[in-house]
>>> print(open('data25.cif').read())   # mmCIF, C-alpha atoms
data_query
loop_
_atom_site.label_atom_id
_atom_site.label_comp_id
_atom_site.auth_asym_id
_atom_site.auth_seq_id
_atom_site.Cartn_x
_atom_site.Cartn_y
_atom_site.Cartn_z
CA MET A 96 -7.87 2.81 -23.62
CA LYS A 97 -10.17 4.92 -21.47
CA ASN A 98 -9.45 8.12 -19.51
CA LEU A 99 -11.03 8.41 -16.05
CA GLY A 100 -9.72 11.78 -14.86
CA VAL A 101 -8.04 12.47 -11.53
CA LYS A 102 -8.69 9.55 -9.15
CA PRO A 103 -6.67 7.79 -6.39
CA PHE A 104 -7.01 4.51 -8.29
CA LEU A 105 -4.20 2.20 -7.19
CA PHE A 106 -5.05 -1.41 -6.31
CA PRO A 107 -4.80 -3.32 -4.05
CA MET A 108 -5.00 -0.94 -1.11
CA PRO A 109 -4.13 -2.27 2.37
CA VAL A 110 -6.59 -2.39 5.29
CA LEU A 111 -4.57 -1.13 8.24
CA MET A 112 -5.64 -0.65 11.84
CA ILE A 113 -4.03 2.25 13.72
CA ALA A 114 -4.40 1.90 17.50
CA THR A 115 -3.68 4.64 20.03
CA TYR A 116 -4.38 5.70 23.62
CA ASP A 117 -5.92 9.07 24.38
CA GLU A 118 -4.77 11.24 27.30
CA ASN A 119 -6.89 9.13 29.69
CA GLY A 120 -5.69 5.77 28.39
CA LYS A 121 -8.86 5.07 26.38
CA VAL A 122 -8.18 2.89 23.34
CA ASP A 123 -9.03 4.12 19.84
CA VAL A 124 -8.65 2.19 16.59
CA MET A 125 -8.95 3.65 13.08
CA ASN A 126 -9.11 1.99 9.64
CA MET A 127 -6.64 3.44 7.11
CA ALA A 128 -5.80 2.64 3.47
CA TRP A 129 -3.56 5.60 2.58
CA GLY A 130 -0.22 4.58 3.97
CA GLY A 131 2.34 1.85 4.24
CA ILE A 132 6.03 1.07 4.47
CA CYS A 133 8.33 3.97 3.56
CA GLY A 134 11.67 2.62 4.77
CA ASN A 135 13.20 -0.49 6.35
CA ASP A 136 12.09 0.68 9.79
CA LYS A 137 9.47 3.28 8.88
CA VAL A 138 5.76 3.46 8.15
CA ALA A 139 3.81 6.41 6.71
CA LEU A 140 0.23 7.35 7.63
CA ASN A 141 -1.53 9.88 5.41
CA ILE A 142 -4.37 10.90 7.69
CA SER A 143 -6.12 14.18 8.35
CA LYS A 144 -5.53 16.15 11.53
CA GLY A 145 -9.15 15.96 12.68
CA HIS A 146 -9.06 12.27 13.52
CA LYS A 147 -8.98 11.25 17.17
CA THR A 148 -6.11 8.96 16.14
CA THR A 149 -4.03 11.93 14.98
CA LYS A 150 -4.58 13.83 18.23
CA ASN A 151 -3.75 10.70 20.24
CA LEU A 152 -0.54 9.80 18.46
CA LEU A 153 0.73 13.37 18.63
CA ALA A 154 0.05 13.44 22.38
CA ARG A 155 1.40 9.98 23.23
CA LYS A 156 4.18 9.94 20.58
CA ALA A 157 3.32 6.37 19.65
CA PHE A 158 0.86 4.15 17.82
CA THR A 159 0.54 0.60 16.57
CA ILE A 160 -0.45 -0.39 13.04
CA ALA A 161 -1.93 -3.83 12.45
CA VAL A 162 -2.96 -5.92 9.45
CA ALA A 163 -6.70 -6.66 9.61
CA ASP A 164 -7.78 -10.24 8.87
CA VAL A 165 -10.94 -11.71 7.33
CA ASP A 166 -12.07 -13.14 10.68
CA HIS A 167 -12.29 -9.56 12.02
CA LEU A 168 -13.47 -7.83 8.85
CA ASP A 169 -16.66 -6.46 10.43
CA GLU A 170 -14.72 -4.92 13.31
CA ALA A 171 -12.11 -3.52 10.90
CA ASP A 172 -14.81 -1.89 8.79
CA TYR A 173 -16.59 -0.58 11.91
CA PHE A 174 -13.33 1.16 12.90
CA GLY A 175 -13.62 3.02 9.58
CA ILE A 176 -17.26 4.05 10.10
CA ALA A 177 -17.39 5.04 13.78
CA SER A 178 -15.54 8.15 14.96
CA GLY A 179 -13.39 8.30 18.09
CA ASN A 180 -14.34 11.99 18.39
CA ASN A 181 -17.47 11.45 20.45
CA ASP A 182 -18.30 10.44 24.00
CA GLU A 183 -19.03 6.82 23.20
CA ASP A 184 -16.38 4.21 23.74
CA LYS A 185 -15.89 3.12 20.10
CA PHE A 186 -13.51 0.28 20.91
CA ALA A 187 -15.66 -1.16 23.73
CA LYS A 188 -18.46 -1.89 21.25
CA THR A 189 -16.32 -4.59 19.68
CA ASN A 190 -15.36 -7.69 21.61
CA LEU A 191 -11.69 -7.21 20.80
CA HIS A 192 -8.97 -7.09 23.45
CA ALA A 193 -6.32 -4.39 23.83
CA LEU A 194 -3.01 -5.20 25.50
CA LYS A 195 -0.45 -2.58 26.54
CA SER A 196 2.53 -2.75 24.19
CA ALA A 197 5.77 -3.65 25.96
CA ASN A 198 7.70 -1.39 23.58
CA VAL A 199 5.66 1.75 22.86
CA ASP A 200 2.94 3.80 24.56
CA ALA A 201 0.08 2.35 22.51
CA PRO A 202 -2.26 -0.65 22.60
CA VAL A 203 -1.82 -3.93 20.71
CA ILE A 204 -5.12 -5.48 19.60
CA ALA A 205 -4.70 -9.16 20.48
CA GLU A 206 -7.00 -10.48 17.73
CA PHE A 207 -5.13 -8.93 14.76
CA PRO A 208 -2.50 -11.23 13.21
CA VAL A 209 0.43 -8.82 12.70
CA THR A 210 1.10 -5.56 14.56
CA LEU A 211 3.90 -3.02 14.08
CA GLU A 212 4.71 -1.15 17.30
CA CYS A 213 5.81 2.38 16.39
CA THR A 214 7.08 5.54 17.98
CA LEU A 215 6.32 8.90 16.37
CA HIS A 216 9.26 9.81 14.12
CA SER A 217 8.11 12.95 12.28
CA THR A 218 5.13 14.81 10.83
CA SER A 219 4.84 17.00 7.75
CA GLU A 220 2.24 18.78 5.68
CA ASP A 221 2.27 19.15 1.91
CA ASP A 222 -0.48 20.85 -0.07
CA GLY A 223 -2.98 20.26 2.74
CA ASP A 224 -2.12 16.57 3.14
CA PHE A 225 -0.92 15.70 6.65
CA ARG A 226 1.59 12.86 6.99
CA VAL A 227 2.87 10.99 10.01
CA VAL A 228 5.98 8.83 9.89
CA GLY A 229 6.42 6.17 12.55
CA LYS A 230 9.57 4.32 13.48
CA ILE A 231 8.98 0.58 13.75
CA GLU A 232 10.32 -0.53 17.15
CA ASN A 233 9.07 -4.13 17.02
CA VAL A 234 6.70 -6.43 15.16
CA ILE A 235 4.44 -8.64 17.29
CA VAL A 236 2.41 -11.46 15.71
CA ARG A 237 -0.14 -14.02 16.75
CA ASP A 238 1.53 -17.40 17.36
CA ASP A 239 -0.67 -19.13 14.78
CA VAL A 240 0.61 -17.07 11.80
CA VAL A 241 4.21 -18.27 12.22
CA ASP A 242 5.30 -21.38 10.29
CA ALA A 243 7.59 -24.20 11.44
CA ASP A 244 10.66 -22.22 10.31
CA GLY A 245 9.71 -19.20 12.40
CA ASN A 246 8.61 -17.09 9.42
CA VAL A 247 5.27 -15.38 9.00
CA ASP A 248 3.10 -17.42 6.59
CA PRO A 249 1.06 -14.93 4.54
CA THR A 250 -1.69 -17.51 3.96
CA LYS A 251 -2.15 -17.83 7.73
CA VAL A 252 -2.42 -14.04 8.15
CA LYS A 253 -5.72 -14.17 6.17
CA ALA A 254 -5.39 -10.51 5.22
CA PHE A 255 -7.74 -8.74 2.84
CA CYS A 256 -7.46 -5.62 0.74
CA PHE A 257 -9.59 -2.61 -0.13
CA ASP A 258 -10.85 -1.91 -3.62
CA THR A 259 -10.88 1.83 -4.13
CA TYR A 260 -12.91 1.51 -7.36
CA GLN A 261 -16.12 0.06 -5.91
CA LYS A 262 -15.35 -0.04 -2.17
CA GLY A 263 -15.22 -3.82 -1.86
CA TYR A 264 -13.01 -5.89 0.41
CA TYR A 265 -11.20 -8.81 -1.25
CA ALA A 266 -9.41 -11.76 0.31
CA ILE A 267 -5.83 -12.59 -0.70
CA GLY A 268 -5.93 -15.49 -3.16
CA GLU A 269 -3.54 -18.16 -4.37
CA LYS A 270 0.22 -17.85 -4.83
CA VAL A 271 1.05 -16.87 -8.42
CA GLY A 272 4.79 -16.17 -8.39
CA GLN A 273 7.98 -15.55 -6.45
CA ALA A 274 9.65 -12.16 -6.36
CA TRP A 275 13.20 -11.89 -7.77
CA ASP A 276 12.62 -15.25 -9.44
CA SER A 277 9.54 -15.22 -11.73
CA GLY A 278 11.18 -12.60 -13.96
CA LYS A 279 14.57 -14.32 -14.28
CA LYS A 280 13.60 -15.94 -17.58
CA LEU A 281 13.61 -12.46 -19.15
CA MET A 282 17.16 -11.71 -18.01
CA LYS A 283 18.85 -13.64 -20.85
CA MET B 81 2.21 -13.72 20.82
CA LYS B 82 5.66 -13.65 19.24
CA ASN B 83 8.11 -10.74 18.85
CA LEU B 84 9.95 -10.50 15.53
CA GLY B 85 12.02 -7.33 15.99
CA VAL B 86 12.21 -4.41 13.57
CA LYS B 87 10.80 -5.48 10.18
CA PRO B 88 8.76 -3.73 7.42
CA PHE B 89 6.05 -6.37 7.83
CA LEU B 90 2.79 -4.91 6.49
CA PHE B 91 0.67 -7.03 4.16
CA PRO B 92 -0.53 -6.95 1.42
CA MET B 93 2.05 -4.79 -0.35
CA PRO B 94 1.18 -3.45 -3.84
CA VAL B 95 3.12 -4.31 -7.00
CA LEU B 96 3.48 -0.97 -8.78
CA MET B 97 5.21 -0.20 -12.06
CA ILE B 98 6.87 3.22 -12.33
CA ALA B 99 7.56 4.21 -15.95
CA THR B 100 9.78 7.09 -17.06
CA TYR B 101 11.72 8.45 -20.02
CA ASP B 102 15.40 9.24 -19.73
CA GLU B 103 16.97 12.32 -21.29
CA ASN B 104 17.07 10.53 -24.67
CA GLY B 105 13.49 9.26 -24.55
CA LYS B 106 14.45 5.70 -23.63
CA VAL B 107 11.74 3.99 -21.58
CA ASP B 108 12.52 2.61 -18.13
CA VAL B 109 10.15 0.69 -15.85
CA MET B 110 10.77 -0.15 -12.19
CA ASN B 111 8.89 -2.42 -9.75
CA MET B 112 8.05 -0.73 -6.42
CA ALA B 113 6.21 -1.86 -3.28
CA TRP B 114 6.99 1.02 -0.90
CA GLY B 115 4.47 3.64 -1.87
CA GLY B 116 0.87 4.38 -2.66
CA ILE B 117 -1.90 6.93 -2.44
CA CYS B 118 -1.19 9.83 -0.05
CA GLY B 119 -4.00 12.22 -1.01
CA ASN B 120 -7.03 12.45 -3.32
CA ASP B 121 -4.74 13.47 -6.19
CA LYS B 122 -1.34 12.38 -4.88
CA VAL B 123 0.86 9.33 -4.89
CA ALA B 124 4.03 8.72 -2.87
CA LEU B 125 7.07 6.76 -4.04
CA ASN B 126 9.66 5.83 -1.42
CA ILE B 127 12.60 4.98 -3.65
CA SER B 128 16.32 5.50 -3.34
CA LYS B 129 18.13 8.16 -5.33
CA GLY B 130 20.38 5.71 -7.17
CA HIS B 131 17.60 4.25 -9.32
CA LYS B 132 17.48 5.19 -12.99
CA THR B 133 13.79 5.89 -12.38
CA THR B 134 14.63 8.53 -9.78
CA LYS B 135 17.08 10.29 -12.09
CA ASN B 136 14.56 10.14 -14.93
CA LEU B 137 11.59 11.52 -13.03
CA LEU B 138 13.65 14.36 -11.57
CA ALA B 139 14.86 15.29 -15.07
CA ARG B 140 11.51 14.93 -16.88
CA LYS B 141 9.30 16.06 -13.94
CA ALA B 142 6.85 13.26 -14.66
CA PHE B 143 6.24 9.52 -14.34
CA THR B 144 3.42 7.03 -14.63
CA ILE B 145 2.54 4.43 -12.03
CA ALA B 146 0.63 1.33 -13.08
CA VAL B 147 -0.98 -1.65 -11.39
CA ALA B 148 0.71 -4.87 -12.55
CA ASP B 149 -1.56 -7.79 -13.46
CA VAL B 150 -1.11 -11.56 -13.25
CA ASP B 151 -0.90 -11.88 -17.05
CA HIS B 152 2.28 -9.75 -16.93
CA LEU B 153 3.71 -11.01 -13.64
CA ASP B 154 6.99 -12.21 -15.18
CA GLU B 155 7.58 -8.83 -16.81
CA ALA B 156 6.65 -7.03 -13.59
CA ASP B 157 9.11 -9.12 -11.59
CA TYR B 158 11.80 -8.66 -14.24
CA PHE B 159 11.40 -4.88 -13.83
CA GLY B 160 12.37 -5.44 -10.20
CA ILE B 161 15.43 -7.56 -11.00
CA ALA B 162 17.03 -5.76 -13.97
CA SER B 163 18.55 -2.32 -13.48
CA GLY B 164 18.03 0.62 -15.82
CA ASN B 165 21.51 1.85 -14.87
CA ASN B 166 23.37 -0.07 -17.55
CA ASP B 167 23.77 0.11 -21.28
CA GLU B 168 21.24 -2.57 -22.11
CA ASP B 169 17.72 -1.58 -23.06
CA LYS B 170 15.89 -3.13 -20.11
CA PHE B 171 12.43 -2.40 -21.45
CA ALA B 172 13.14 -3.71 -24.96
CA LYS B 173 13.77 -7.21 -23.57
CA THR B 174 10.07 -7.49 -22.76
CA ASN B 175 7.46 -7.56 -25.47
CA LEU B 176 5.49 -4.77 -23.84
CA HIS B 177 4.48 -1.57 -25.65
CA ALA B 178 5.08 1.98 -24.45
CA LEU B 179 2.80 4.79 -25.60
CA LYS B 180 3.54 8.48 -25.05
CA SER B 181 1.15 9.81 -22.39
CA ALA B 182 -1.14 12.56 -23.69
CA ASN B 183 -1.00 14.29 -20.30
CA VAL B 184 2.51 14.00 -18.87
CA ASP B 185 6.06 13.56 -20.14
CA ALA B 186 6.23 9.83 -19.42
CA PRO B 187 5.32 6.54 -21.10
CA VAL B 188 2.13 4.52 -20.56
CA ILE B 189 2.67 0.75 -20.80
CA ALA B 190 -0.27 -0.43 -22.91
CA GLU B 191 -0.46 -3.92 -21.38
CA PHE B 192 -0.96 -2.82 -17.76
CA PRO B 193 -4.63 -2.52 -16.71
CA VAL B 194 -4.60 0.77 -14.75
CA THR B 195 -2.10 3.63 -15.04
CA LEU B 196 -1.89 6.90 -13.10
CA GLU B 197 -0.28 9.69 -15.14
CA CYS B 198 1.62 11.97 -12.76
CA THR B 199 3.64 15.14 -12.71
CA LEU B 200 6.39 15.61 -10.14
CA HIS B 201 4.90 17.48 -7.17
CA SER B 202 7.65 17.47 -4.55
CA THR B 203 10.58 15.53 -3.12
CA SER B 204 11.84 15.22 0.44
CA GLU B 205 14.37 13.30 2.46
CA ASP B 206 13.92 12.07 6.03
CA ASP B 207 16.49 10.03 7.93
CA GLY B 208 18.06 8.86 4.66
CA ASP B 209 14.76 7.83 3.06
CA PHE B 210 14.05 9.67 -0.20
CA ARG B 211 10.42 10.34 -1.09
CA VAL B 212 8.81 11.54 -4.29
CA VAL B 213 5.24 12.85 -4.38
CA GLY B 214 3.45 12.86 -7.72
CA LYS B 215 0.31 14.75 -8.62
CA ILE B 216 -2.19 12.52 -10.42
CA GLU B 217 -3.18 14.30 -13.64
CA ASN B 218 -5.26 11.48 -15.16
CA VAL B 219 -6.01 7.78 -14.82
CA ILE B 220 -5.95 5.74 -18.03
CA VAL B 221 -7.24 2.15 -18.08
CA ARG B 222 -7.51 -0.73 -20.51
CA ASP B 223 -11.01 -0.89 -22.01
CA ASP B 224 -11.55 -4.45 -20.76
CA VAL B 225 -11.29 -3.55 -17.05
CA VAL B 226 -14.29 -1.20 -17.18
CA ASP B 227 -17.74 -2.64 -16.39
CA ALA B 228 -21.08 -1.82 -18.06
CA ASP B 229 -21.60 1.13 -15.67
CA GLY B 230 -18.27 2.69 -16.62
CA ASN B 231 -16.56 1.75 -13.32
CA VAL B 232 -13.32 -0.16 -12.95
CA ASP B 233 -14.10 -3.78 -11.98
CA PRO B 234 -11.35 -4.90 -9.58
CA THR B 235 -11.83 -8.55 -10.58
CA LYS B 236 -11.05 -7.63 -14.20
CA VAL B 237 -7.86 -5.80 -13.19
CA LYS B 238 -6.38 -9.18 -12.10
CA ALA B 239 -3.92 -7.45 -9.79
CA PHE B 240 -1.62 -9.30 -7.44
CA CYS B 241 0.23 -8.33 -4.29
CA PHE B 242 3.67 -8.81 -2.78
CA ASP B 243 4.28 -10.77 0.39
CA THR B 244 7.12 -9.11 2.28
CA TYR B 245 7.42 -12.10 4.67
CA GLN B 246 8.50 -14.77 2.18
CA LYS B 247 8.71 -12.80 -1.09
CA GLY B 248 5.74 -14.45 -2.79
CA TYR B 249 3.28 -12.90 -5.19
CA TYR B 250 -0.41 -13.60 -4.45
CA ALA B 251 -3.48 -13.07 -6.62
CA ILE B 252 -6.43 -11.09 -5.31
CA GLY B 253 -9.13 -13.56 -4.24
CA GLU B 254 -12.88 -13.51 -3.68
CA LYS B 255 -14.95 -10.60 -2.41
CA VAL B 256 -15.40 -10.83 1.37
CA GLY B 257 -17.09 -7.56 2.34
CA GLN B 258 -18.12 -4.03 1.47
CA ALA B 259 -16.47 -0.99 3.01
CA TRP B 260 -18.66 1.36 5.09
CA ASP B 261 -21.24 -1.41 5.22
CA SER B 262 -19.84 -4.66 6.67
CA GLY B 263 -19.24 -2.93 10.01
CA LYS B 264 -22.66 -1.28 10.33
CA LYS B 265 -23.98 -4.10 12.49
CA LEU B 266 -21.60 -2.95 15.24
CA MET B 267 -22.90 0.64 15.18
CA LYS B 268 -25.97 -0.07 17.37
#
>>> encode(input="data25.cif", output="structure tokens")
Amino acid sequence: MKNLGVKPFLFPMPVLMIATYDENGKVDVMNMAWGGICGNDKVALNISKGHKTTKNLLARKAFTIAVADVDHLDEADYFGIASGNNDEDKFAKTNLHALKSANVDAPVIAEFPVTLECTLHSTSEDDGDFRVVGKIENVIVRDDVVDADGNVDPTKVKAFCFDTYQKGYYAIGEKVGQAWDSGKKLMK
Amino acid sequence: MKNLGVKPFLFPMPVLMIATYDENGKVDVMNMAWGGICGNDKVALNISKGHKTTKNLLARKAFTIAVADVDHLDEADYFGIASGNNDEDKFAKTNLHALKSANVDAPVIAEFPVTLECTLHSTSEDDGDFRVVGKIENVIVRDDVVDADGNVDPTKVKAFCFDTYQKGYYAIGEKVGQAWDSGKKLMK
């Protein structure tokens, strides 16, 4: 085995889109990998305080967090390159559409397949790392990702993930197992 | 668009293997999806206090967290079905091998491709959700996942992800983009 030192080397990492309004109602969207579900109705964002997103969600007490899909990979990556902290309208440069959430004071990007609408639950700081916890108030999805039984079909979401080793984006591939079932054969 | 109510519906979710020793040196491994990187040298586990893993890592002040691979999917899923809180030796039922970490007081499972060796950094509780933060002391990888340049090749890791919508496991598919590059065309 090989030692690589201190690196944040988990895989896969998610590609999550945090959307907020600023004090004037301007939409900002940020690309984030360091975060995810931290409770049945909670989501954690580990983001630094300097981001426009952080200022916005502290001011408006709300944000949305969406799953990016392959069809909007370029836009998702752009949201990770461009900064909301300048005079340009970062979001307007994409051709995406922002709708006002019916549940929280934040925008829902219509093109993303799955969006969690969140209110600000708490913030904390630990060893210089700033953390935001959101309370999930509702999940809103594109009609085409729901199957005939009313469940989200992960193959229709067309999500992708981030490779923290070499900075690639990878599609989600074929189904290889079923949780709480594939391992049953070892229970005997 | 369709409203689905309050659900922890991000995708993809990671499939992470937390390994610990109990007070007698017995190995336990647990399957966890709610957690991930929360800083350059930090990892967050959102796990309930009742798990054997939680008791073990609080007692030993260390754990490892590994990326599960498709070749060991059945074992990974089994670690999410079986409980360490009984008299059976949960780990011994698999044919996996535990090595003593050279850096922390926790086992490294030799078969998993990428393992983060962590010391206990802090714990916190928020609205009933218990959270453990580990400090990454070293990353140890299987020799075969490293490419000719000494970097981890994500396609060699053969990781898979968890689908929280219908409880499937999905392989990581083809490369579809490059972070901080695919979105450059929108910067003009």
>>> resolve_selection(input="data25.cif", expression="the PyMOL selection byres ((chain B and resi 187) around 9)", output="PyMOL selection string")
chain B and resi 99-101+107-108+143-144+178-181+184-186+188-189+197
>>> write_last_selection(input="data25.cif", atoms="C-alpha atoms", output="PDB file, in the frame of the given file")
ATOM      1  CA  ALA B  99       7.560   4.210 -15.950  1.00  0.00           C
ATOM      2  CA  THR B 100       9.780   7.090 -17.060  1.00  0.00           C
ATOM      3  CA  TYR B 101      11.720   8.450 -20.020  1.00  0.00           C
ATOM      4  CA  VAL B 107      11.740   3.990 -21.580  1.00  0.00           C
ATOM      5  CA  ASP B 108      12.520   2.610 -18.130  1.00  0.00           C
ATOM      6  CA  PHE B 143       6.240   9.520 -14.340  1.00  0.00           C
ATOM      7  CA  THR B 144       3.420   7.030 -14.630  1.00  0.00           C
ATOM      8  CA  ALA B 178       5.080   1.980 -24.450  1.00  0.00           C
ATOM      9  CA  LEU B 179       2.800   4.790 -25.600  1.00  0.00           C
ATOM     10  CA  LYS B 180       3.540   8.480 -25.050  1.00  0.00           C
ATOM     11  CA  SER B 181       1.150   9.810 -22.390  1.00  0.00           C
ATOM     12  CA  VAL B 184       2.510  14.000 -18.870  1.00  0.00           C
ATOM     13  CA  ASP B 185       6.060  13.560 -20.140  1.00  0.00           C
ATOM     14  CA  ALA B 186       6.230   9.830 -19.420  1.00  0.00           C
ATOM     15  CA  VAL B 188       2.130   4.520 -20.560  1.00  0.00           C
ATOM     16  CA  ILE B 189       2.670   0.750 -20.800  1.00  0.00           C
ATOM     17  CA  GLU B 197      -0.280   9.690 -15.140  1.00  0.00           C
TER      18      GLU B 197
END
>>> atom_distance(input="data25.cif", atom1="CA of Ala156 (chain B)", atom2="CA of Gly278 (chain A)")
7.2 Å
>>> residues_near_point(input="data25.cif", point="(3.0, 15.9, -13.8)", cutoff="8 Å", atoms="only C-alpha atoms", output="list in words")
Lys141, Ala142, Phe143, Asn183, Val184, Asp185, Glu197, Cys198, Thr199, Leu200, His201, Gly214, Lys215, Ile216 and Glu217 of chain B
>>> write_last_selection(input="data25.cif", atoms="C-alpha atoms", output="compact mmCIF listing (two decimals), keeping the file's coordinate frame")
# COMPACT_ATOMS: atom_id res chain seq x y z
CA LYS B 141 9.30 16.06 -13.94
CA ALA B 142 6.85 13.26 -14.66
CA PHE B 143 6.24 9.52 -14.34
CA ASN B 183 -1.00 14.29 -20.30
CA VAL B 184 2.51 14.00 -18.87
CA ASP B 185 6.06 13.56 -20.14
CA GLU B 197 -0.28 9.69 -15.14
CA CYS B 198 1.62 11.97 -12.76
CA THR B 199 3.64 15.14 -12.71
CA LEU B 200 6.39 15.61 -10.14
CA HIS B 201 4.90 17.48 -7.17
CA GLY B 214 3.45 12.86 -7.72
CA LYS B 215 0.31 14.75 -8.62
CA ILE B 216 -2.19 12.52 -10.42
CA GLU B 217 -3.18 14.30 -13.64
>>> closest_residue(input="data25.cif", among="A:Asn151, A:Thr259, A:Ser143, A:Ser178", to="Glu220 (chain A)", atoms="all atoms listed in the file")
A:Ser143
>>> closest_residue(input="data25.cif", among="A:Leu152, A:Leu191, A:Ala243, A:Ala205", to="chain B", atoms="all atoms listed in the file")
A:Ala205
>>> atom_distance(input="data25.cif", atom1="CA of Arg226 (chain A)", atom2="CA of Leu140 (chain A)")
5.7 Å
>>> residues_around(input="data25.cif", residues="Pro92 (chain B)", least_positions_apart="5", cutoff="7 Å", atoms="all atoms listed in the file", output="PyMOL selection string")
(chain A and resi 109) or (chain B and resi 241-243)
>>> residues_around(input="data25.cif", residues="Thr235 (chain B)", least_positions_apart="4", cutoff="10 Å", atoms="all atoms listed in the file", output="number ranges by chain")
A: 258, 265; B: 225, 239, 252-255
>>> resolve_selection(input="data25.cif", expression="the PyMOL selection byres ((chain B and resi 261) around 9)", output="ChimeraX atom specification")
/A:169,172-173,176 /B:257-260,262-265
>>> residues_near_point(input="data25.cif", point="(-16.5, -1.4, 24.0)", cutoff="12 Å", atoms="only C-alpha atoms", output="count of residues only")
22
>>> closest_residue(input="data25.cif", among="B:Val95, B:Ala251, B:Met110, B:Val213", to="chain A", atoms="all atoms listed in the file")
B:Ala251
>>> atom_distance(input="data25.cif", atom1="CA of Gly130 (chain B)", atom2="CA of Cys133 (chain A)")
16.2 Å
>>> closest_residue(input="data25.cif", among="A:Val241, A:Met127, A:Leu111, A:Leu99", to="chain B", atoms="all atoms listed in the file")
A:Leu99
>>> residues_around(input="data25.cif", residues="Val212 (chain B)", least_positions_apart="4", cutoff="7 Å", atoms="only C-alpha atoms", output="list in words")
Ala124, Leu125, Asn126, Ser202, Thr203 and Ser204 of chain B
>>> resolve_selection(input="data25.cif", expression="the PyMOL selection byres ((chain B and resi 231) around 12)", output="ChimeraX atom specification")
/A:97-99,102,104,258-262 /B:221-230,232-237
>>> closest_residue(input="data25.cif", among="B:Leu138, B:Ile145, B:Asp209, B:Lys129", to="Ala113 (chain B)", atoms="all atoms listed in the file")
B:Ile145
